[in-house]
file run.cif (mmCIF, C-alpha atoms and all ligand atoms)
data_model
#
loop_
_atom_site.group_PDB
_atom_site.id
_atom_site.type_symbol
_atom_site.label_atom_id
_atom_site.label_comp_id
_atom_site.auth_asym_id
_atom_site.auth_seq_id
_atom_site.Cartn_x
_atom_site.Cartn_y
_atom_site.Cartn_z
ATOM 1 C CA VAL A 149 7.703 8.817 5.340
ATOM 2 C CA GLN A 150 9.360 12.197 4.892
ATOM 3 C CA ALA A 151 6.779 14.035 2.804
ATOM 4 C CA LEU A 152 3.358 13.574 1.236
ATOM 5 C CA LEU A 153 2.068 14.826 -2.099
ATOM 6 C CA LEU A 154 -1.691 15.361 -2.437
ATOM 7 C CA THR A 155 -3.587 15.497 -5.728
ATOM 8 C CA HIS A 156 -7.073 16.704 -4.706
ATOM 9 C CA ALA A 157 -9.935 16.586 -2.213
ATOM 10 C CA HIS A 158 -11.842 13.464 -3.280
ATOM 11 C CA ALA A 159 -12.250 10.932 -0.487
ATOM 12 C CA GLY A 160 -9.832 8.271 -1.696
ATOM 13 C CA HIS A 161 -6.988 10.763 -1.863
ATOM 14 C CA TYR A 162 -6.798 12.392 1.565
ATOM 15 C CA LEU A 163 -8.839 10.421 4.147
ATOM 16 C CA GLY A 164 -5.687 8.445 5.002
ATOM 17 C CA LEU A 165 -4.256 11.568 6.613
ATOM 18 C CA GLY A 166 -6.491 10.709 9.559
ATOM 19 C CA HIS A 167 -4.060 7.961 10.566
ATOM 20 C CA LEU A 168 -1.211 10.426 11.107
ATOM 21 C CA GLY A 169 -2.531 12.075 14.261
ATOM 22 C CA LYS A 170 -1.708 11.364 17.874
ATOM 23 C CA GLU A 171 -4.239 8.511 18.022
ATOM 24 C CA GLY A 172 -2.317 6.832 15.201
ATOM 25 C CA LEU A 173 1.194 7.238 13.812
ATOM 26 C CA ASN A 174 1.675 10.491 15.758
ATOM 27 C CA VAL A 175 3.917 12.152 13.177
ATOM 28 C CA ARG A 176 5.274 15.628 13.873
ATOM 29 C CA GLY A 177 5.445 18.392 11.269
ATOM 30 C CA LEU A 178 5.165 16.079 8.262
ATOM 31 C CA PRO A 179 5.281 18.241 5.097
ATOM 32 C CA VAL A 180 2.143 17.750 2.991
ATOM 33 C CA HIS A 181 2.584 19.351 -0.421
ATOM 34 C CA CYS A 182 -0.671 20.511 -2.003
ATOM 35 C CA THR A 183 -2.336 23.410 -3.815
ATOM 36 C CA ALA A 184 -3.628 26.485 -1.987
ATOM 37 C CA ARG A 185 -7.234 25.271 -2.321
ATOM 38 C CA MET A 186 -6.351 21.827 -0.982
ATOM 39 C CA ALA A 187 -4.471 23.399 1.956
ATOM 40 C CA ALA A 188 -7.474 25.637 2.705
ATOM 41 C CA PHE A 189 -9.722 22.578 2.613
ATOM 42 C CA LEU A 190 -7.524 20.734 5.132
ATOM 43 C CA GLY A 191 -7.297 23.785 7.372
ATOM 44 C CA ALA A 192 -11.070 24.270 7.423
ATOM 45 C CA ASN A 193 -12.347 20.735 8.002
ATOM 46 C CA ARG A 194 -11.988 18.472 11.006
ATOM 47 C CA PRO A 195 -10.329 16.094 11.659
ATOM 48 C CA PHE A 196 -7.732 17.395 9.169
ATOM 49 C CA SER A 197 -7.702 20.856 10.718
ATOM 50 C CA ASP A 198 -6.824 19.168 14.049
ATOM 51 C CA LEU A 199 -3.759 17.643 12.387
ATOM 52 C CA VAL A 200 -2.725 21.046 11.071
ATOM 53 C CA ASP A 201 -3.467 22.969 14.284
ATOM 54 C CA GLY A 202 -1.786 20.304 16.416
ATOM 55 C CA GLY A 203 1.363 20.322 14.272
ATOM 56 C CA SER A 204 1.109 16.716 13.068
ATOM 57 C CA ILE A 205 1.128 17.777 9.441
ATOM 58 C CA ARG A 206 2.432 20.944 7.827
ATOM 59 C CA PRO A 207 0.662 21.862 4.559
ATOM 60 C CA VAL A 208 3.155 23.285 2.052
ATOM 61 C CA VAL A 209 1.375 25.260 -0.650
ATOM 62 C CA VAL A 210 2.659 24.598 -4.160
ATOM 63 C CA ALA A 211 2.137 26.688 -7.290
ATOM 64 C CA PRO A 212 1.002 25.105 -10.565
ATOM 65 C CA SER A 213 3.918 23.677 -12.559
ATOM 66 C CA GLU A 214 6.447 25.034 -10.019
ATOM 67 C CA PRO A 215 9.060 22.432 -9.016
ATOM 68 C CA VAL A 216 9.358 21.443 -5.356
ATOM 69 C CA ARG A 217 12.726 20.118 -4.154
ATOM 70 C CA LEU A 218 11.852 17.114 -1.975
ATOM 71 C CA ALA A 219 15.367 15.777 -1.369
ATOM 72 C CA PRO A 220 18.786 16.000 -3.015
ATOM 73 C CA GLY A 221 18.267 14.752 -6.560
ATOM 74 C CA LEU A 222 14.475 14.465 -6.258
ATOM 75 C CA VAL A 223 12.094 17.116 -7.567
ATOM 76 C CA ALA A 224 8.289 17.021 -7.681
ATOM 77 C CA VAL A 225 6.198 19.174 -10.009
ATOM 78 C CA PRO A 226 2.409 19.616 -9.567
ATOM 79 C CA GLU A 227 0.711 19.784 -12.961
ATOM 80 C CA PRO A 228 -2.949 20.950 -13.112
ATOM 81 C CA VAL A 229 -5.203 18.396 -14.798
ATOM 82 C CA PRO A 230 -8.866 18.471 -15.879
ATOM 83 C CA HIS A 231 -11.051 16.939 -13.142
ATOM 84 C CA ARG A 232 -14.310 17.831 -11.401
ATOM 85 C CA ASP A 233 -12.993 20.175 -8.758
ATOM 86 C CA ASP A 234 -15.477 19.708 -5.901
ATOM 87 C CA GLY A 235 -13.498 20.578 -2.766
ATOM 88 C CA SER A 236 -10.206 21.600 -4.333
ATOM 89 C CA ASP A 237 -8.470 21.886 -7.653
ATOM 90 C CA THR A 238 -6.614 18.809 -9.002
ATOM 91 C CA VAL A 239 -3.019 18.173 -9.910
ATOM 92 C CA ALA A 240 -0.998 15.251 -11.177
ATOM 93 C CA TRP A 241 2.522 14.921 -9.780
ATOM 94 C CA VAL A 242 5.670 14.567 -11.846
ATOM 95 C CA LEU A 243 8.651 13.126 -9.983
ATOM 96 C CA GLU A 244 12.051 13.787 -11.470
ATOM 97 C CA THR A 245 15.472 12.403 -10.701
ATOM 98 C CA SER A 246 18.611 12.783 -12.788
ATOM 99 C CA ARG A 247 17.792 9.398 -14.316
ATOM 100 C CA ALA A 248 14.055 9.369 -14.888
ATOM 101 C CA ARG A 249 10.746 11.166 -14.901
ATOM 102 C CA ALA A 250 7.586 9.591 -13.440
ATOM 103 C CA LEU A 251 4.000 10.814 -13.623
ATOM 104 C CA TYR A 252 1.303 10.028 -11.030
ATOM 105 C CA MET A 253 -2.088 10.962 -12.470
ATOM 106 C CA PRO A 254 -4.900 8.991 -10.812
ATOM 107 C CA ASP A 255 -7.825 11.299 -11.649
ATOM 108 C CA ILE A 256 -8.674 13.065 -14.895
ATOM 109 C CA ASP A 257 -12.010 13.713 -16.592
ATOM 110 C CA VAL A 258 -10.619 13.551 -20.111
ATOM 111 C CA LEU A 259 -7.473 12.444 -21.823
ATOM 112 C CA ASP A 260 -6.853 15.684 -23.710
ATOM 113 C CA ALA A 261 -3.797 16.719 -25.719
ATOM 114 C CA ARG A 262 -2.075 18.323 -22.717
ATOM 115 C CA VAL A 263 -2.552 15.185 -20.614
ATOM 116 C CA GLU A 264 -1.305 13.025 -23.473
ATOM 117 C CA ALA A 265 1.813 15.194 -23.688
ATOM 118 C CA LEU A 266 2.382 14.800 -19.939
ATOM 119 C CA VAL A 267 2.223 11.018 -20.321
ATOM 120 C CA ALA A 268 4.531 11.011 -23.335
ATOM 121 C CA SER A 269 7.087 13.160 -21.478
ATOM 122 C CA ALA A 270 7.449 10.557 -18.711
ATOM 123 C CA ASP A 271 9.532 7.388 -18.524
ATOM 124 C CA LEU A 272 6.914 5.896 -16.221
ATOM 125 C CA ALA A 273 3.280 7.056 -16.111
ATOM 126 C CA LEU A 274 0.628 5.947 -13.644
ATOM 127 C CA VAL A 275 -2.577 6.871 -15.455
ATOM 128 C CA ASP A 276 -6.286 7.027 -14.530
ATOM 129 C CA GLY A 277 -7.780 3.630 -15.392
ATOM 130 C CA THR A 278 -10.935 4.030 -13.275
ATOM 131 C CA PHE A 279 -13.440 2.547 -15.730
ATOM 132 C CA PHE A 280 -12.921 0.192 -18.633
ATOM 133 C CA ASP A 281 -16.178 1.430 -20.190
ATOM 134 C CA ALA A 282 -18.035 4.692 -19.598
ATOM 135 C CA GLY A 283 -21.305 3.044 -18.520
ATOM 136 C CA GLU A 284 -19.923 1.069 -15.562
ATOM 137 C CA LEU A 285 -21.649 3.105 -12.855
ATOM 138 C CA GLY A 286 -25.011 2.827 -14.575
ATOM 139 C CA ASN A 287 -24.738 6.233 -16.179
ATOM 140 C CA ASP A 288 -23.245 7.359 -19.461
ATOM 141 C CA GLY A 289 -20.111 8.650 -17.781
ATOM 142 C CA ARG A 290 -21.250 12.241 -17.284
ATOM 143 C CA VAL A 291 -21.822 12.058 -13.503
ATOM 144 C CA VAL A 292 -18.390 10.602 -12.713
ATOM 145 C CA PRO A 293 -16.361 11.303 -15.838
ATOM 146 C CA HIS A 294 -13.119 9.407 -16.427
ATOM 147 C CA PRO A 295 -11.537 8.474 -19.740
ATOM 148 C CA PRO A 296 -12.594 4.844 -20.358
ATOM 149 C CA VAL A 297 -9.581 2.541 -20.671
ATOM 150 C CA ARG A 298 -11.040 1.128 -23.898
ATOM 151 C CA GLY A 299 -10.383 4.499 -25.534
ATOM 152 C CA SER A 300 -7.194 5.324 -23.625
ATOM 153 C CA LEU A 301 -5.386 2.252 -24.994
ATOM 154 C CA GLY A 302 -5.482 3.754 -28.485
ATOM 155 C CA ARG A 303 -4.781 7.323 -27.401
ATOM 156 C CA LEU A 304 -1.758 6.293 -25.336
ATOM 157 C CA ALA A 305 -0.352 3.808 -27.861
ATOM 158 C CA ARG A 306 2.035 6.393 -29.287
ATOM 159 C CA ALA A 307 3.426 7.276 -25.847
ATOM 160 C CA ALA A 308 3.842 3.562 -25.079
ATOM 161 C CA ALA A 309 5.591 2.992 -28.414
ATOM 162 C CA GLY A 310 7.783 6.003 -27.661
ATOM 163 C CA GLY A 311 9.113 4.344 -24.531
ATOM 164 C CA THR A 312 6.759 5.481 -21.741
ATOM 165 C CA ARG A 313 5.987 2.614 -19.383
ATOM 166 C CA ILE A 314 2.245 3.021 -18.731
ATOM 167 C CA VAL A 315 0.622 1.564 -15.610
ATOM 168 C CA LEU A 316 -3.132 2.014 -15.167
ATOM 169 C CA THR A 317 -4.173 2.877 -11.624
ATOM 170 C CA HIS A 318 -7.239 4.049 -9.613
ATOM 171 C CA ILE A 319 -9.168 0.975 -10.843
ATOM 172 C CA ASN A 320 -12.840 1.080 -9.786
ATOM 173 C CA HIS A 321 -14.534 -2.015 -8.323
ATOM 174 C CA THR A 322 -16.717 -2.194 -11.452
ATOM 175 C CA ASN A 323 -13.680 -2.437 -13.743
ATOM 176 C CA PRO A 324 -12.953 -5.902 -15.200
ATOM 177 C CA LEU A 325 -9.239 -5.049 -14.879
ATOM 178 C CA CYS A 326 -9.606 -5.901 -11.157
ATOM 179 C CA ASP A 327 -9.367 -9.512 -12.394
ATOM 180 C CA PRO A 328 -5.850 -10.114 -13.776
ATOM 181 C CA GLY A 329 -7.245 -13.064 -15.752
ATOM 182 C CA SER A 330 -9.961 -11.087 -17.564
ATOM 183 C CA PRO A 331 -9.911 -10.647 -21.362
ATOM 184 C CA GLU A 332 -9.733 -6.886 -20.734
ATOM 185 C CA ALA A 333 -6.536 -7.337 -18.675
ATOM 186 C CA ARG A 334 -5.024 -9.272 -21.581
ATOM 187 C CA GLU A 335 -6.051 -6.454 -23.911
ATOM 188 C CA VAL A 336 -4.085 -4.003 -21.740
ATOM 189 C CA GLU A 337 -1.058 -6.318 -21.826
ATOM 190 C CA ARG A 338 -1.270 -6.632 -25.606
ATOM 191 C CA ALA A 339 -1.237 -2.810 -25.791
ATOM 192 C CA GLY A 340 2.095 -2.913 -23.949
ATOM 193 C CA MET A 341 0.674 -1.465 -20.735
ATOM 194 C CA ALA A 342 0.115 -2.781 -17.205
ATOM 195 C CA VAL A 343 -2.405 -2.555 -14.370
ATOM 196 C CA ALA A 344 -1.239 -1.397 -10.937
ATOM 197 C CA ARG A 345 -1.596 -4.056 -8.237
ATOM 198 C CA ASP A 346 -1.361 -3.855 -4.432
ATOM 199 C CA GLY A 347 2.231 -3.990 -3.278
ATOM 200 C CA MET A 348 3.663 -3.098 -6.670
ATOM 201 C CA ALA A 349 7.064 -1.403 -6.393
ATOM 202 C CA LEU A 350 8.201 0.896 -9.171
ATOM 203 C CA ASP A 351 11.865 1.882 -9.370
ATOM 204 C CA LEU A 352 12.923 5.192 -10.856
HETATM 205 ZN ZN ZN B 1 -11.247 12.623 -7.980
HETATM 206 ZN ZN ZN B 2 -9.997 9.501 -7.237
#
call {"tool": "encode", "arguments": {"input": "run.cif", "output": "structure tokens", "more": "lines below"}}
Ligand SMILES: [Zn+2]
Ligand SMILES: [Zn+2]
result
Amino acid sequence: VQALLLTHAHAGHYLGLGHLGKEGLNVRGLPVHCTARMAAFLGANRPFSDLVDGGSIRPVVVAPSEPVRLAPGLVAVPEPVPHRDDGSDTVAWVLETSRARALYMPDIDVLDARVEALVASADLALVDGTFFDAGELGNDGRVVPHPPVRGSLGRLARAAAGGTRIVLTHINHTNPLCDPGSPEAREVERAGMAVARDGMALDL
């Protein structure tokens, strides 16, 4: 691993950094690209601050929509997205090579016009598929808002028809898409989209 890109400070998206320290992989100076608020969060909270202070990781602050050159021929762009910003702000990451453009967007509260445009601009888009229906956590979707897949399938149909390969990710344990044999999974397939699975490799 030569660099990490962080989206935001919700548990599933940064706790893994804990494995990088000297008790684990013992990396040295690994660049971790993130927003200023995310970097401040890491610098202020143990055990992540230990990783920063001890030189295991090196937070690299990125500006909204400003490209970051990761390697020759590989650029990453952090795009702000609407999400409940508890410990940090939230970005999606666009990865660009000379051949293709990929979007990684695991967490959004709503699928608004700007988000739709981000999806449509990509050749490959990994999109928030947390819940199939809004009521899955026993609330009406206001406490943990995510765009329900049932609605996203229609909203993203134009992007899919326009050539964007859409892969739903960040699937919650309550989501019937966890079962590849479910009727809901077939509905996603019929819409020309896919569900991310463990071990899936995506070529750019
Ligand atoms: Zn989140
Ligand atoms: Zn999340």
call {"tool": "resolve_selection", "arguments": {"input": "run.cif", "expression": "the PyMOL selection byres (((not hetatm)) within 12 of (chain B and resi 1))", "output": "compact mmCIF listing (two decimals) with C-alpha atoms, keeping the file's coordinate frame"}}
result
# COMPACT_ATOMS: atom_id res chain seq x y z
CA LEU A 154 -1.69 15.36 -2.44
CA THR A 155 -3.59 15.50 -5.73
CA HIS A 156 -7.07 16.70 -4.71
CA ALA A 157 -9.94 16.59 -2.21
CA HIS A 158 -11.84 13.46 -3.28
CA ALA A 159 -12.25 10.93 -0.49
CA GLY A 160 -9.83 8.27 -1.70
CA HIS A 161 -6.99 10.76 -1.86
CA TYR A 162 -6.80 12.39 1.56
CA VAL A 229 -5.20 18.40 -14.80
CA PRO A 230 -8.87 18.47 -15.88
CA HIS A 231 -11.05 16.94 -13.14
CA ARG A 232 -14.31 17.83 -11.40
CA ASP A 233 -12.99 20.18 -8.76
CA ASP A 234 -15.48 19.71 -5.90
CA GLY A 235 -13.50 20.58 -2.77
CA SER A 236 -10.21 21.60 -4.33
CA ASP A 237 -8.47 21.89 -7.65
CA THR A 238 -6.61 18.81 -9.00
CA VAL A 239 -3.02 18.17 -9.91
CA ALA A 240 -1.00 15.25 -11.18
CA MET A 253 -2.09 10.96 -12.47
CA PRO A 254 -4.90 8.99 -10.81
CA ASP A 255 -7.82 11.30 -11.65
CA ILE A 256 -8.67 13.06 -14.90
CA ASP A 257 -12.01 13.71 -16.59
CA ASP A 276 -6.29 7.03 -14.53
CA THR A 278 -10.94 4.03 -13.28
CA VAL A 291 -21.82 12.06 -13.50
CA VAL A 292 -18.39 10.60 -12.71
CA PRO A 293 -16.36 11.30 -15.84
CA HIS A 294 -13.12 9.41 -16.43
CA HIS A 318 -7.24 4.05 -9.61
CA ASN A 320 -12.84 1.08 -9.79
call {"tool": "resolve_selection", "arguments": {"input": "run.cif", "expression": "the PyMOL selection byres (((chain A and resi 183) around 12) and not hetatm)", "output": "number ranges by chain"}}
result
A: 153-157, 180-182, 184-190, 207-214, 216, 225-228, 235-241
call {"tool": "write_last_selection", "arguments": {"input": "run.cif", "atoms": "C-alpha atoms", "output": "PDB file, keeping the file's coordinate frame"}}
result
ATOM      1  CA  LEU A 153       2.068  14.826  -2.099  1.00  0.00           C
ATOM      2  CA  LEU A 154      -1.691  15.361  -2.437  1.00  0.00           C
ATOM      3  CA  THR A 155      -3.587  15.497  -5.728  1.00  0.00           C
ATOM      4  CA  HIS A 156      -7.073  16.704  -4.706  1.00  0.00           C
ATOM      5  CA  ALA A 157      -9.935  16.586  -2.213  1.00  0.00           C
ATOM      6  CA  VAL A 180       2.143  17.750   2.991  1.00  0.00           C
ATOM      7  CA  HIS A 181       2.584  19.351  -0.421  1.00  0.00           C
ATOM      8  CA  CYS A 182      -0.671  20.511  -2.003  1.00  0.00           C
ATOM      9  CA  ALA A 184      -3.628  26.485  -1.987  1.00  0.00           C
ATOM     10  CA  ARG A 185      -7.234  25.271  -2.321  1.00  0.00           C
ATOM     11  CA  MET A 186      -6.351  21.827  -0.982  1.00  0.00           C
ATOM     12  CA  ALA A 187      -4.471  23.399   1.956  1.00  0.00           C
ATOM     13  CA  ALA A 188      -7.474  25.637   2.705  1.00  0.00           C
ATOM     14  CA  PHE A 189      -9.722  22.578   2.613  1.00  0.00           C
ATOM     15  CA  LEU A 190      -7.524  20.734   5.132  1.00  0.00           C
ATOM     16  CA  PRO A 207       0.662  21.862   4.559  1.00  0.00           C
ATOM     17  CA  VAL A 208       3.155  23.285   2.052  1.00  0.00           C
ATOM     18  CA  VAL A 209       1.375  25.260  -0.650  1.00  0.00           C
ATOM     19  CA  VAL A 210       2.659  24.598  -4.160  1.00  0.00           C
ATOM     20  CA  ALA A 211       2.137  26.688  -7.290  1.00  0.00           C
ATOM     21  CA  PRO A 212       1.002  25.105 -10.565  1.00  0.00           C
ATOM     22  CA  SER A 213       3.918  23.677 -12.559  1.00  0.00           C
ATOM     23  CA  GLU A 214       6.447  25.034 -10.019  1.00  0.00           C
ATOM     24  CA  VAL A 216       9.358  21.443  -5.356  1.00  0.00           C
ATOM     25  CA  VAL A 225       6.198  19.174 -10.009  1.00  0.00           C
ATOM     26  CA  PRO A 226       2.409  19.616  -9.567  1.00  0.00           C
ATOM     27  CA  GLU A 227       0.711  19.784 -12.961  1.00  0.00           C
ATOM     28  CA  PRO A 228      -2.949  20.950 -13.112  1.00  0.00           C
ATOM     29  CA  GLY A 235     -13.498  20.578  -2.766  1.00  0.00           C
ATOM     30  CA  SER A 236     -10.206  21.600  -4.333  1.00  0.00           C
ATOM     31  CA  ASP A 237      -8.470  21.886  -7.653  1.00  0.00           C
ATOM     32  CA  THR A 238      -6.614  18.809  -9.002  1.00  0.00           C
ATOM     33  CA  VAL A 239      -3.019  18.173  -9.910  1.00  0.00           C
ATOM     34  CA  ALA A 240      -0.998  15.251 -11.177  1.00  0.00           C
ATOM     35  CA  TRP A 241       2.522  14.921  -9.780  1.00  0.00           C
TER      36      TRP A 241
END
call {"tool": "closest_residue", "arguments": {"input": "run.cif", "among": "A:Ile319, A:Leu304, A:Ala261, A:Ile314", "to": "ligand ZN 2 (chain B)", "atoms": "only C-alpha atoms and all ligand atoms"}}
result
A:Ile319
call {"tool": "atom_distance", "arguments": {"input": "run.cif", "atom1": "CA of Arg313 in chain A", "atom2": "CA of Gly277 in chain A"}}
result
14.4 Å
call {"tool": "closest_residue", "arguments": {"input": "run.cif", "among": "A:Val149, A:Ile205, A:Val297, A:Ala248", "to": "Glu332 in chain A", "atoms": "all atoms listed in the file"}}
result
A:Val297
call {"tool": "closest_residue", "arguments": {"input": "run.cif", "among": "A:Leu163, A:Met348, A:Gly310, A:Asp198", "to": "ligand ZN 2 (chain B)", "atoms": "only C-alpha atoms and all ligand atoms"}}
result
A:Leu163
call {"tool": "atom_distance", "arguments": {"input": "run.cif", "atom1": "CA of Val315 in chain A", "atom2": "CA of Arg338 in chain A"}}
result
13.1 Å
call {"tool": "residues_around", "arguments": {"input": "run.cif", "residues": "Met341 in chain A", "least_positions_apart": "4", "cutoff": "9 Å", "atoms": "only C-alpha atoms", "output": "ChimeraX atom specification"}}
result
/A:301,305,308,313-316,335-337
call {"tool": "atom_distance", "arguments": {"input": "run.cif", "atom1": "CA of Glu264 in chain A", "atom2": "CA of Arg303 in chain A"}}
result
7.7 Å
call {"tool": "closest_residue", "arguments": {"input": "run.cif", "among": "A:Pro195, A:Ala151, A:Asp271, A:Ser300", "to": "Leu222 in chain A", "atoms": "only C-alpha atoms"}}
result
A:Ala151
call {"tool": "build_atoms", "arguments": {"input": "run.cif", "residues": "range 190-216 of chain A", "atoms": "N, CA and C atoms", "output": "PDB file, in the coordinates of the input"}}
result
ATOM      1  N   LEU A 190      -8.023  21.466   3.955  1.00  0.00           N
ATOM      2  CA  LEU A 190      -7.524  20.734   5.132  1.00  0.00           C
ATOM      3  C   LEU A 190      -7.612  21.602   6.384  1.00  0.00           C
ATOM      4  N   GLY A 191      -7.307  22.887   6.218  1.00  0.00           N
ATOM      5  CA  GLY A 191      -7.297  23.785   7.372  1.00  0.00           C
ATOM      6  C   GLY A 191      -8.683  24.111   7.895  1.00  0.00           C
ATOM      7  N   ALA A 192      -9.714  23.851   7.057  1.00  0.00           N
ATOM      8  CA  ALA A 192     -11.070  24.270   7.423  1.00  0.00           C
ATOM      9  C   ALA A 192     -11.958  23.107   7.853  1.00  0.00           C
ATOM     10  N   ASN A 193     -11.476  21.882   7.738  1.00  0.00           N
ATOM     11  CA  ASN A 193     -12.347  20.735   8.002  1.00  0.00           C
ATOM     12  C   ASN A 193     -11.718  19.754   8.992  1.00  0.00           C
ATOM     13  N   ARG A 194     -12.438  19.514  10.090  1.00  0.00           N
ATOM     14  CA  ARG A 194     -11.988  18.472  11.006  1.00  0.00           C
ATOM     15  C   ARG A 194     -12.224  17.108  10.365  1.00  0.00           C
ATOM     16  N   PRO A 195     -11.437  16.076  10.689  1.00  0.00           N
ATOM     17  CA  PRO A 195     -10.329  16.094  11.659  1.00  0.00           C
ATOM     18  C   PRO A 195      -9.007  16.597  11.084  1.00  0.00           C
ATOM     19  N   PHE A 196      -9.002  17.006   9.803  1.00  0.00           N
ATOM     20  CA  PHE A 196      -7.732  17.395   9.169  1.00  0.00           C
ATOM     21  C   PHE A 196      -7.196  18.693   9.760  1.00  0.00           C
ATOM     22  N   SER A 197      -8.131  19.599  10.103  1.00  0.00           N
ATOM     23  CA  SER A 197      -7.702  20.856  10.718  1.00  0.00           C
ATOM     24  C   SER A 197      -7.044  20.588  12.078  1.00  0.00           C
ATOM     25  N   ASP A 198      -7.476  19.529  12.771  1.00  0.00           N
ATOM     26  CA  ASP A 198      -6.824  19.168  14.049  1.00  0.00           C
ATOM     27  C   ASP A 198      -5.368  18.782  13.817  1.00  0.00           C
ATOM     28  N   LEU A 199      -5.135  18.068  12.701  1.00  0.00           N
ATOM     29  CA  LEU A 199      -3.759  17.643  12.387  1.00  0.00           C
ATOM     30  C   LEU A 199      -2.880  18.855  12.081  1.00  0.00           C
ATOM     31  N   VAL A 200      -3.476  19.831  11.412  1.00  0.00           N
ATOM     32  CA  VAL A 200      -2.725  21.046  11.071  1.00  0.00           C
ATOM     33  C   VAL A 200      -2.492  21.864  12.343  1.00  0.00           C
ATOM     34  N   ASP A 201      -3.573  22.120  13.083  1.00  0.00           N
ATOM     35  CA  ASP A 201      -3.467  22.969  14.284  1.00  0.00           C
ATOM     36  C   ASP A 201      -2.552  22.333  15.330  1.00  0.00           C
ATOM     37  N   GLY A 202      -2.593  21.001  15.420  1.00  0.00           N
ATOM     38  CA  GLY A 202      -1.786  20.304  16.416  1.00  0.00           C
ATOM     39  C   GLY A 202      -0.346  20.050  15.978  1.00  0.00           C
ATOM     40  N   GLY A 203      -0.015  20.449  14.741  1.00  0.00           N
ATOM     41  CA  GLY A 203       1.363  20.322  14.272  1.00  0.00           C
ATOM     42  C   GLY A 203       1.745  18.928  13.792  1.00  0.00           C
ATOM     43  N   SER A 204       0.769  18.044  13.599  1.00  0.00           N
ATOM     44  CA  SER A 204       1.109  16.716  13.068  1.00  0.00           C
ATOM     45  C   SER A 204       1.552  16.839  11.619  1.00  0.00           C
ATOM     46  N   ILE A 205       0.762  17.561  10.840  1.00  0.00           N
ATOM     47  CA  ILE A 205       1.128  17.777   9.441  1.00  0.00           C
ATOM     48  C   ILE A 205       1.333  19.269   9.194  1.00  0.00           C
ATOM     49  N   ARG A 206       2.126  19.553   8.164  1.00  0.00           N
ATOM     50  CA  ARG A 206       2.432  20.944   7.827  1.00  0.00           C
ATOM     51  C   ARG A 206       2.157  21.124   6.337  1.00  0.00           C
ATOM     52  N   PRO A 207       0.948  21.658   5.978  1.00  0.00           N
ATOM     53  CA  PRO A 207       0.662  21.862   4.559  1.00  0.00           C
ATOM     54  C   PRO A 207       1.672  22.822   3.942  1.00  0.00           C
ATOM     55  N   VAL A 208       2.224  22.440   2.801  1.00  0.00           N
ATOM     56  CA  VAL A 208       3.155  23.285   2.052  1.00  0.00           C
ATOM     57  C   VAL A 208       2.478  23.612   0.727  1.00  0.00           C
ATOM     58  N   VAL A 209       2.123  24.881   0.544  1.00  0.00           N
ATOM     59  CA  VAL A 209       1.375  25.260  -0.650  1.00  0.00           C
ATOM     60  C   VAL A 209       2.304  25.312  -1.862  1.00  0.00           C
ATOM     61  N   VAL A 210       1.865  24.642  -2.929  1.00  0.00           N
ATOM     62  CA  VAL A 210       2.659  24.598  -4.160  1.00  0.00           C
ATOM     63  C   VAL A 210       1.934  25.391  -5.245  1.00  0.00           C
ATOM     64  N   ALA A 211       2.710  25.945  -6.165  1.00  0.00           N
ATOM     65  CA  ALA A 211       2.137  26.688  -7.290  1.00  0.00           C
ATOM     66  C   ALA A 211       2.117  25.778  -8.515  1.00  0.00           C
ATOM     67  N   PRO A 212       1.110  25.958  -9.386  1.00  0.00           N
ATOM     68  CA  PRO A 212       1.002  25.105 -10.565  1.00  0.00           C
ATOM     69  C   PRO A 212       2.290  25.092 -11.383  1.00  0.00           C
ATOM     70  N   SER A 213       2.735  23.898 -11.707  1.00  0.00           N
ATOM     71  CA  SER A 213       3.918  23.677 -12.559  1.00  0.00           C
ATOM     72  C   SER A 213       5.227  24.188 -11.961  1.00  0.00           C
ATOM     73  N   GLU A 214       5.216  24.572 -10.670  1.00  0.00           N
ATOM     74  CA  GLU A 214       6.447  25.034 -10.019  1.00  0.00           C
ATOM     75  C   GLU A 214       7.123  23.862  -9.307  1.00  0.00           C
ATOM     76  N   PRO A 215       8.389  23.575  -9.633  1.00  0.00           N
ATOM     77  CA  PRO A 215       9.060  22.432  -9.016  1.00  0.00           C
ATOM     78  C   PRO A 215       9.239  22.601  -7.507  1.00  0.00           C
ATOM     79  N   VAL A 216       9.125  21.489  -6.798  1.00  0.00           N
ATOM     80  CA  VAL A 216       9.358  21.443  -5.356  1.00  0.00           C
ATOM     81  C   VAL A 216      10.541  20.508  -5.137  1.00  0.00           C
TER      82      VAL A 216
END
